[in-house]
file entry-v2.txt (compact mmCIF, C-alpha atoms)
# COMPACT_ATOMS: atom_id res chain seq x y z
CA MET A 153 84.45 121.79 59.77
CA SER A 154 86.21 124.70 58.11
CA PHE A 155 89.98 124.72 57.52
CA PRO A 156 90.57 127.78 59.81
CA ARG A 157 88.74 125.94 62.58
CA ILE A 158 90.85 122.79 62.07
CA ARG A 159 94.02 124.88 61.97
CA LYS A 160 93.08 126.57 65.25
CA ILE A 161 92.43 123.21 66.92
CA LEU A 162 95.78 121.84 65.71
CA LEU A 163 97.62 124.93 66.91
CA THR A 164 95.96 124.61 70.33
CA MET A 165 96.88 120.92 70.51
CA ASN A 166 100.49 121.64 69.58
CA THR A 167 100.67 124.41 72.16
CA GLU A 168 99.31 122.18 74.92
CA LEU A 169 101.62 119.34 73.90
CA GLY A 170 104.54 121.74 73.91
CA LYS A 171 103.68 122.94 77.41
CA TRP A 172 103.36 119.35 78.66
CA SER A 173 106.70 118.37 77.07
CA GLU A 174 108.40 121.39 78.62
CA ARG A 175 107.02 120.54 82.05
CA GLN A 176 108.40 117.02 81.70
CA ARG A 177 111.84 118.32 80.81
CA LEU A 178 111.88 120.85 83.64
CA ALA A 179 110.79 118.16 86.13
CA PHE A 180 113.60 115.93 84.80
CA ILE A 181 116.11 118.72 85.40
CA GLU A 182 114.89 119.18 88.95
CA ARG A 183 114.98 115.46 89.71
CA MET A 184 118.54 115.18 88.43
CA LEU A 185 119.61 118.17 90.50
CA PHE A 186 117.81 116.97 93.61
CA TRP A 187 119.00 113.35 93.56
CA ARG A 188 122.30 113.38 91.63
CA GLY A 189 123.41 116.88 92.54
CA TYR A 190 124.24 118.12 89.05
CA ILE A 191 123.06 118.13 85.43
CA ASN A 192 124.55 119.15 82.10
CA ARG A 193 123.13 119.82 78.68
CA LYS A 194 124.00 116.35 77.37
CA ASP A 195 121.80 114.74 80.05
CA VAL A 196 118.75 116.56 78.72
CA ILE A 197 119.67 115.94 75.07
CA ASP A 198 120.19 112.19 75.58
CA TYR A 199 117.03 111.67 77.63
CA PHE A 200 114.57 113.60 75.43
CA GLY A 201 116.31 113.56 72.05
CA ILE A 202 116.08 117.33 71.67
CA SER A 203 118.45 119.82 70.09
CA PRO A 204 121.32 121.43 72.03
CA PRO A 205 119.74 124.92 71.86
CA GLN A 206 116.47 123.56 73.27
CA ALA A 207 118.31 121.82 76.10
CA THR A 208 120.14 125.06 76.88
CA ASN A 209 116.86 126.98 76.92
CA ASP A 210 115.33 124.44 79.32
CA LEU A 211 118.25 124.65 81.72
CA VAL A 212 118.18 128.44 81.69
CA HIS A 213 114.40 128.37 82.15
CA TYR A 214 114.77 126.18 85.23
CA THR A 215 117.24 128.62 86.78
CA THR A 216 114.61 131.35 86.45
CA LEU A 217 112.02 129.14 88.14
CA ASN A 218 114.33 128.13 90.97
CA PRO A 219 117.21 130.65 91.07
CA GLU A 220 118.35 129.53 94.53
CA GLY A 221 118.28 125.85 93.61
CA CYS A 222 121.37 125.57 91.43
CA ARG A 223 124.49 127.32 90.22
CA TYR A 224 126.44 126.99 86.99
CA ASN A 225 129.95 125.58 87.39
CA VAL A 226 131.94 127.16 84.57
CA ARG A 227 134.91 124.84 84.97
CA LYS A 228 132.86 121.64 84.82
CA ARG A 229 130.26 123.14 82.45
CA ARG A 230 127.29 121.89 84.41
CA TYR A 231 124.60 123.09 86.80
CA GLU A 232 125.07 121.96 90.39
CA THR A 233 122.70 121.83 93.33
CA THR A 234 123.02 124.40 96.09
CA ASP A 235 122.90 123.49 99.77
CA THR A 236 119.65 125.42 100.10
CA MET A 237 117.82 123.85 97.15
CA GLU A 238 114.07 123.40 97.60
CA PRO A 239 112.12 121.54 94.88
CA ARG A 240 109.62 123.69 93.02
CA LEU A 241 108.16 121.24 90.51
CA ILE A 242 108.26 117.80 92.15
CA HIS A 243 107.39 116.13 95.43
CA PRO A 244 110.50 113.98 95.92
CA ASP A 245 109.89 110.24 96.02
CA PHE A 246 113.02 108.12 95.81
CA GLY A 247 111.47 105.06 94.16
CA ARG A 248 109.28 106.93 91.69
CA ASP A 249 111.92 109.51 90.79
CA THR A 250 114.76 107.06 90.23
CA GLU A 251 112.47 104.94 88.05
CA PHE A 252 111.64 108.06 86.03
CA LEU A 253 115.31 108.95 85.60
CA GLY A 254 116.29 105.42 84.60
CA SER A 255 119.88 104.95 83.46
CA GLN A 256 120.56 108.70 83.71
CA ILE A 257 120.93 108.41 87.48
CA ARG A 258 123.69 105.78 87.29
CA PRO A 259 127.13 106.93 88.45
CA GLN A 260 128.73 104.28 86.21
CA PRO A 261 127.03 103.28 82.92
CA ASP A 262 127.80 99.54 83.10
CA ILE A 263 127.06 99.00 86.80
CA PRO A 264 123.47 98.88 88.11
CA PHE A 265 122.60 101.62 90.57
CA ILE A 266 119.39 100.03 91.89
CA LEU A 267 118.59 96.33 92.20
CA GLU A 268 115.19 94.77 92.85
CA PRO A 269 114.27 91.18 93.68
CA THR A 270 113.58 88.89 90.75
CA LEU A 271 110.00 87.66 90.97
CA PRO A 272 108.01 85.26 88.79
CA ILE A 273 105.90 87.00 86.16
CA ARG A 274 102.19 86.78 86.91
CA THR A 275 100.66 86.72 83.47
CA ALA A 276 97.59 88.66 82.35
CA SER A 277 96.32 88.32 78.79
CA ILE A 278 96.52 91.66 76.97
CA PRO A 279 93.46 90.93 74.75
CA VAL A 280 91.44 89.91 77.82
CA ALA A 281 92.52 92.96 79.82
CA ARG A 282 91.67 95.19 76.86
CA GLU A 283 88.16 93.76 76.53
CA LEU A 284 87.58 94.22 80.26
CA CYS A 285 88.83 97.80 80.17
CA GLN A 286 86.60 98.68 77.24
CA ALA A 287 83.62 97.00 78.92
CA VAL A 288 84.07 99.32 81.92
CA HIS A 289 83.98 102.41 79.72
CA ARG A 290 81.05 101.13 77.66
CA LYS A 291 79.09 100.11 80.78
CA GLN A 292 78.83 96.56 79.55
CA SER A 293 78.72 93.14 81.08
CA ILE A 294 80.85 90.45 79.52
CA GLU A 295 81.30 86.72 79.83
CA ILE A 296 84.68 85.48 81.00
CA GLN A 297 86.08 81.96 80.81
CA TYR A 298 87.43 81.80 84.34
CA TRP A 299 89.49 79.05 85.90
CA SER A 300 87.72 77.84 89.01
CA VAL A 301 89.96 76.58 91.81
CA ASN A 302 87.03 74.67 93.33
CA SER A 303 85.91 72.82 90.20
CA GLY A 304 89.32 72.57 88.56
CA SER A 305 87.95 73.73 85.21
CA ALA A 306 87.42 76.93 83.22
CA LEU A 307 83.77 77.98 83.40
CA TRP A 308 81.94 80.79 81.63
CA ARG A 309 80.41 83.41 83.90
CA ARG A 310 79.04 86.89 83.32
CA ILE A 311 80.48 89.90 85.10
CA THR A 312 80.13 93.67 84.87
CA PRO A 313 83.67 95.07 85.24
CA ARG A 314 83.98 98.29 87.24
CA GLY A 315 87.69 98.87 87.91
CA PHE A 316 91.10 97.30 88.36
CA ALA A 317 93.40 96.63 91.29
CA HIS A 318 96.98 95.46 91.59
CA ASP A 319 98.00 93.65 94.77
CA GLY A 320 101.71 94.03 94.10
CA LEU A 321 101.98 90.73 92.26
CA ARG A 322 99.02 90.37 89.92
CA TRP A 323 96.11 92.26 88.37
CA HIS A 324 92.50 91.86 89.44
CA VAL A 325 89.34 93.22 87.90
CA ARG A 326 86.67 94.44 90.31
CA ALA A 327 83.30 93.43 88.95
CA TRP A 328 79.67 92.68 89.73
CA CYS A 329 79.29 88.92 89.57
CA HIS A 330 75.93 88.10 87.98
CA GLN A 331 76.09 84.54 89.30
CA ASN A 332 76.65 85.43 92.98
CA GLU A 333 74.99 88.86 92.79
CA ASP A 334 77.75 90.76 94.59
CA PHE A 335 81.00 92.57 93.88
CA ARG A 336 84.06 90.37 93.66
CA ASP A 337 87.70 90.42 92.54
CA PHE A 338 88.69 88.24 89.62
CA VAL A 339 92.32 87.47 88.77
CA ILE A 340 92.87 88.45 85.14
CA GLY A 341 95.61 85.85 84.75
CA ARG A 342 93.04 83.09 85.32
CA MET A 343 90.87 84.21 82.40
CA LYS A 344 91.20 82.22 79.19
CA GLY A 345 88.90 84.37 77.08
CA THR A 346 85.90 86.69 76.88
CA ARG A 347 82.72 86.82 74.79
CA ASP A 348 79.30 88.40 74.33
CA PRO A 349 79.60 91.94 75.73
CA GLU A 350 76.26 93.65 76.19
CA PRO A 351 74.81 96.69 78.00
CA SER A 352 74.58 96.06 81.74
CA PRO A 353 71.95 97.33 84.18
CA GLU A 354 74.56 96.84 86.93
CA ALA A 355 77.07 99.31 85.46
CA ASP A 356 76.00 102.12 87.80
CA ARG A 357 75.53 100.03 90.94
CA ILE A 358 77.49 101.46 93.88
CA ASP A 359 80.31 99.28 95.17
CA ASP A 360 80.57 100.37 98.81
CA ASP A 361 83.88 98.61 99.44
CA TRP A 362 85.43 100.25 96.37
CA VAL A 363 84.49 103.83 97.33
CA SER A 364 84.85 103.65 101.13
CA GLU A 365 88.05 103.65 103.19
CA VAL A 366 89.17 102.10 106.45
CA CYS A 367 92.08 102.94 108.73
CA LEU A 368 94.80 100.49 109.73
CA HIS A 369 96.37 101.52 113.03
CA LEU A 370 99.90 100.15 113.39
CA ARG A 371 102.72 100.40 115.89
CA PRO A 372 105.99 98.60 116.66
CA ASN A 373 105.63 95.29 118.44
CA PRO A 374 105.18 96.30 122.12
CA ALA A 375 107.17 93.22 123.20
CA GLU A 376 110.33 94.51 121.50
CA GLN A 377 113.01 96.46 123.35
CA ASP A 378 112.86 100.24 123.20
CA ASN A 379 115.77 100.60 120.76
CA VAL A 380 114.13 98.07 118.39
CA ARG A 381 110.79 99.90 118.54
CA LYS A 382 112.54 103.17 117.76
CA ALA A 383 114.26 101.62 114.72
CA ILE A 384 110.96 100.21 113.43
CA ALA A 385 109.25 103.57 113.94
CA MET A 386 111.99 105.31 111.95
CA ASP A 387 111.77 102.74 109.17
CA TYR A 388 108.02 103.33 108.71
CA GLY A 389 108.07 107.08 109.31
CA MET A 390 105.90 106.77 112.41
CA ARG A 391 105.03 109.64 114.73
CA ALA A 392 104.92 108.84 118.42
CA GLN A 393 105.53 105.21 117.34
CA LYS A 394 102.14 105.00 115.63
CA LEU A 395 101.11 104.84 111.99
CA THR A 396 97.65 105.12 110.46
CA LEU A 397 97.07 103.96 106.89
CA ARG A 398 93.90 104.85 105.01
CA VAL A 399 93.13 102.23 102.36
CA PRO A 400 90.09 101.43 100.22
CA ARG A 401 88.11 98.70 101.94
CA ALA A 402 88.35 96.61 98.77
CA MET A 403 92.17 96.67 99.07
CA LEU A 404 92.30 95.83 102.79
CA VAL A 405 93.23 92.16 102.39
CA TYR A 406 95.89 92.89 99.76
CA THR A 407 97.45 95.66 101.86
CA ALA A 408 97.52 93.41 104.92
CA ARG A 409 99.19 90.59 102.99
CA ARG A 410 101.85 92.87 101.50
CA MET A 411 102.73 94.03 105.02
CA GLY A 412 103.08 90.45 106.21
CA PHE A 413 99.82 89.96 108.12
CA ILE A 414 98.87 86.40 107.29
CA LYS A 415 95.46 86.06 108.93
CA GLU A 416 92.35 87.58 107.40
CA PRO A 417 92.06 91.09 108.86
CA THR A 418 88.94 91.55 110.99
CA PRO A 419 88.39 93.56 114.17
CA ALA A 420 87.70 90.28 115.98
CA ASN A 421 91.25 88.93 115.63
CA LEU A 422 93.10 92.19 116.33
CA PRO A 423 95.67 92.89 117.59
CA MET A 424 97.98 90.73 115.50
CA LEU A 425 101.64 90.70 114.56
CA ASN A 426 103.02 90.52 111.05
CA GLU A 427 105.20 87.59 109.97
CA LEU A 428 108.44 89.32 111.03
CA LYS A 429 106.85 90.19 114.38
CA GLN A 430 107.95 93.80 113.92
CA LEU A 431 104.57 95.46 113.47
CA GLU A 432 101.46 95.15 115.57
CA TRP A 433 98.13 95.91 113.95
CA TYR A 434 96.15 96.94 116.99
CA LYS A 435 93.01 98.58 115.60
CA LEU A 436 90.82 98.85 112.50
CA SER A 437 88.48 101.81 112.20
CA ASN A 438 86.57 103.95 109.74
CA LYS A 439 88.51 107.09 110.70
call {"tool": "encode", "arguments": {"input": "entry-v2.txt", "output": "structure tokens"}}
result
Amino acid sequence: MSFPRIRKILLTMNTELGKWSERQRLAFIERMLFWRGYINRKDVIDYFGISPPQATNDLVHYTTLNPEGCRYNVRKRRYETTDTMEPRLIHPDFGRDTEFLGSQIRPQPDIPFILEPTLPIRTASIPVARELCQAVHRKQSIEIQYWSVNSGSALWRRITPRGFAHDGLRWHVRAWCHQNEDFRDFVIGRMKGTRDPEPSPEADRIDDDWVSEVCLHLRPNPAEQDNVRKAIAMDYGMRAQKLTLRVPRAMLVYTARRMGFIKEPTPANLPMLNELKQLEWYKLSNK
């Protein structure tokens, strides 16, 4: 490849990287304005490690993108949100946005702004997860040394990994099981090792549960008083005290468990109440 060609490719890459970096900084500015109500140049400098002139340019650029969204307070030397601000770059999500902003969103540096429950760490071997991930992309099967609850020992079995799922506590790999000849979920934390990857004829097999969706139809517990049902509906953002969740069929059990439904979810045992007896799952459908 000629030097001019390489130079052109590098210039294109730098331009695209620059555009991506700028978008990240502008989205940061909007998140800070939306959630905290103000932003100054130091916020941008500290978060991205950029120069003061670049931070100034970014702030001015944002005001051109959303001129009605903020105003500069000369006395406090910061940009402040207007009462009529409408986001232009983000779709506000409190959990995701505050995680993105990190310590920048704290009103006091030494005092936590957001607390989460402390949970035990569900381990997943990085080397094992890496081998599984590469096997998916290479369309390979691979042997895993998997701890069997039934036998109480780690047995070798061959799988063709297809994708990954997180149930909120631990990672699973979705794979074709060559022993049982069906798609199954395997907990990565129960794998002690891998070996012998090889091309797999099952790599393109369709996993119906992975690509299809089902609908969970939920509502407040009908036995509760009206004011309680209204509170539950508000908490879950229900309309007309009903909520429909579309989830991949392969994630149905995990979704049900996270919402507190203990029994295995099947149309035969619906309706059922979750463990707090707040929600009733009254129907399961394909649409």
call {"tool": "residues_near_point", "arguments": {"input": "entry-v2.txt", "point": "(79.9, 95.6, 76.8)", "cutoff": "9 Å", "atoms": "all atoms listed in the file", "output": "list in words"}}
result
Glu283, Leu284, Gln286, Ala287, Val288, His289, Arg290, Lys291, Gln292, Ser293, Ile294, Thr312, Asp348, Pro349, Glu350, Pro351 and Ser352 of chain A
call {"tool": "atom_distance", "arguments": {"input": "entry-v2.txt", "atom1": "CA of Leu271 in chain A", "atom2": "CA of Pro259 in chain A"}}
result
25.9 Å
call {"tool": "atom_distance", "arguments": {"input": "entry-v2.txt", "atom1": "CA of Phe252 in chain A", "atom2": "CA of His324 in chain A"}}
result
25.3 Å
call {"tool": "atom_distance", "arguments": {"input": "entry-v2.txt", "atom1": "CA of Thr215 in chain A", "atom2": "CA of Asp195 in chain A"}}
result
16.1 Å
call {"tool": "closest_residue", "arguments": {"input": "entry-v2.txt", "among": "A:Ser305, A:Gln176, A:Asn373, A:Thr418", "to": "Gln430 in chain A", "atoms": "only C-alpha atoms"}}
result
A:Asn373
call {"tool": "residues_around", "arguments": {"input": "entry-v2.txt", "residues": "Val301 in chain A", "least_positions_apart": "4", "cutoff": "12 Å", "atoms": "all atoms listed in the file", "output": "list in words"}}
result
Ser305, Ala306, Leu307, Phe338, Val339 and Arg342 of chain A
call {"tool": "residues_around", "arguments": {"input": "entry-v2.txt", "residues": "Ala317 in chain A", "least_positions_apart": "5", "cutoff": "8 Å", "atoms": "only C-alpha atoms", "output": "list in words"}}
result
Trp323, His324, Val325, Arg326 and Met403 of chain A
call {"tool": "axis_aligned_box", "arguments": {"input": "entry-v2.txt", "around": "range 264-283 of chain A", "padding_each_side": "5 Å", "output": "JSON"}}
result
{"center_x": 105.8, "center_y": 93.4, "center_z": 84.2, "size_x": 45.3, "size_y": 26.4, "size_z": 28.9}
call {"tool": "residues_around", "arguments": {"input": "entry-v2.txt", "residues": "Asp360 in chain A", "least_positions_apart": "5", "cutoff": "10 Å", "atoms": "only C-alpha atoms", "output": "count of residues only"}}
result
5
call {"tool": "residues_near_point", "arguments": {"input": "entry-v2.txt", "point": "(119.4, 118.2, 85.2)", "cutoff": "8 Å", "atoms": "only C-alpha atoms", "output": "number ranges by chain"}}
result
A: 180-185, 190-193, 195-196, 211, 231
call {"tool": "build_atoms", "arguments": {"input": "entry-v2.txt", "residues": "range 253-264 of chain A", "atoms": "N, CA and C atoms", "output": "PDB file, keeping the file's coordinate frame"}}
result
ATOM      1  N   LEU A 253     114.011 108.557  86.145  1.00  0.00           N
ATOM      2  CA  LEU A 253     115.310 108.950  85.600  1.00  0.00           C
ATOM      3  C   LEU A 253     116.004 107.803  84.869  1.00  0.00           C
ATOM      4  N   GLY A 254     115.721 106.573  85.278  1.00  0.00           N
ATOM      5  CA  GLY A 254     116.290 105.420  84.600  1.00  0.00           C
ATOM      6  C   GLY A 254     117.808 105.397  84.651  1.00  0.00           C
ATOM      7  N   SER A 255     118.423 105.102  83.506  1.00  0.00           N
ATOM      8  CA  SER A 255     119.880 104.950  83.460  1.00  0.00           C
ATOM      9  C   SER A 255     120.608 106.276  83.668  1.00  0.00           C
ATOM     10  N   GLN A 256     119.904 107.398  83.555  1.00  0.00           N
ATOM     11  CA  GLN A 256     120.560 108.700  83.710  1.00  0.00           C
ATOM     12  C   GLN A 256     121.103 108.899  85.124  1.00  0.00           C
ATOM     13  N   ILE A 257     120.526 108.201  86.091  1.00  0.00           N
ATOM     14  CA  ILE A 257     120.930 108.410  87.480  1.00  0.00           C
ATOM     15  C   ILE A 257     122.148 107.576  87.853  1.00  0.00           C
ATOM     16  N   ARG A 258     122.565 106.658  86.977  1.00  0.00           N
ATOM     17  CA  ARG A 258     123.690 105.780  87.290  1.00  0.00           C
ATOM     18  C   ARG A 258     125.005 106.553  87.380  1.00  0.00           C
ATOM     19  N   PRO A 259     125.810 106.304  88.406  1.00  0.00           N
ATOM     20  CA  PRO A 259     127.130 106.930  88.450  1.00  0.00           C
ATOM     21  C   PRO A 259     128.108 106.285  87.483  1.00  0.00           C
ATOM     22  N   GLN A 260     127.901 104.988  87.177  1.00  0.00           N
ATOM     23  CA  GLN A 260     128.730 104.280  86.210  1.00  0.00           C
ATOM     24  C   GLN A 260     127.817 103.558  85.229  1.00  0.00           C
ATOM     25  N   PRO A 261     127.977 103.785  83.928  1.00  0.00           N
ATOM     26  CA  PRO A 261     127.030 103.280  82.920  1.00  0.00           C
ATOM     27  C   PRO A 261     126.828 101.771  82.951  1.00  0.00           C
ATOM     28  N   ASP A 262     127.891 100.998  83.219  1.00  0.00           N
ATOM     29  CA  ASP A 262     127.800  99.540  83.100  1.00  0.00           C
ATOM     30  C   ASP A 262     127.504  98.839  84.428  1.00  0.00           C
ATOM     31  N   ILE A 263     127.310  99.600  85.490  1.00  0.00           N
ATOM     32  CA  ILE A 263     127.060  99.000  86.800  1.00  0.00           C
ATOM     33  C   ILE A 263     125.684  99.445  87.293  1.00  0.00           C
ATOM     34  N   PRO A 264     124.804  98.495  87.640  1.00  0.00           N
ATOM     35  CA  PRO A 264     123.470  98.880  88.110  1.00  0.00           C
ATOM     36  C   PRO A 264     123.556  99.764  89.356  1.00  0.00           C
TER      37      PRO A 264
END
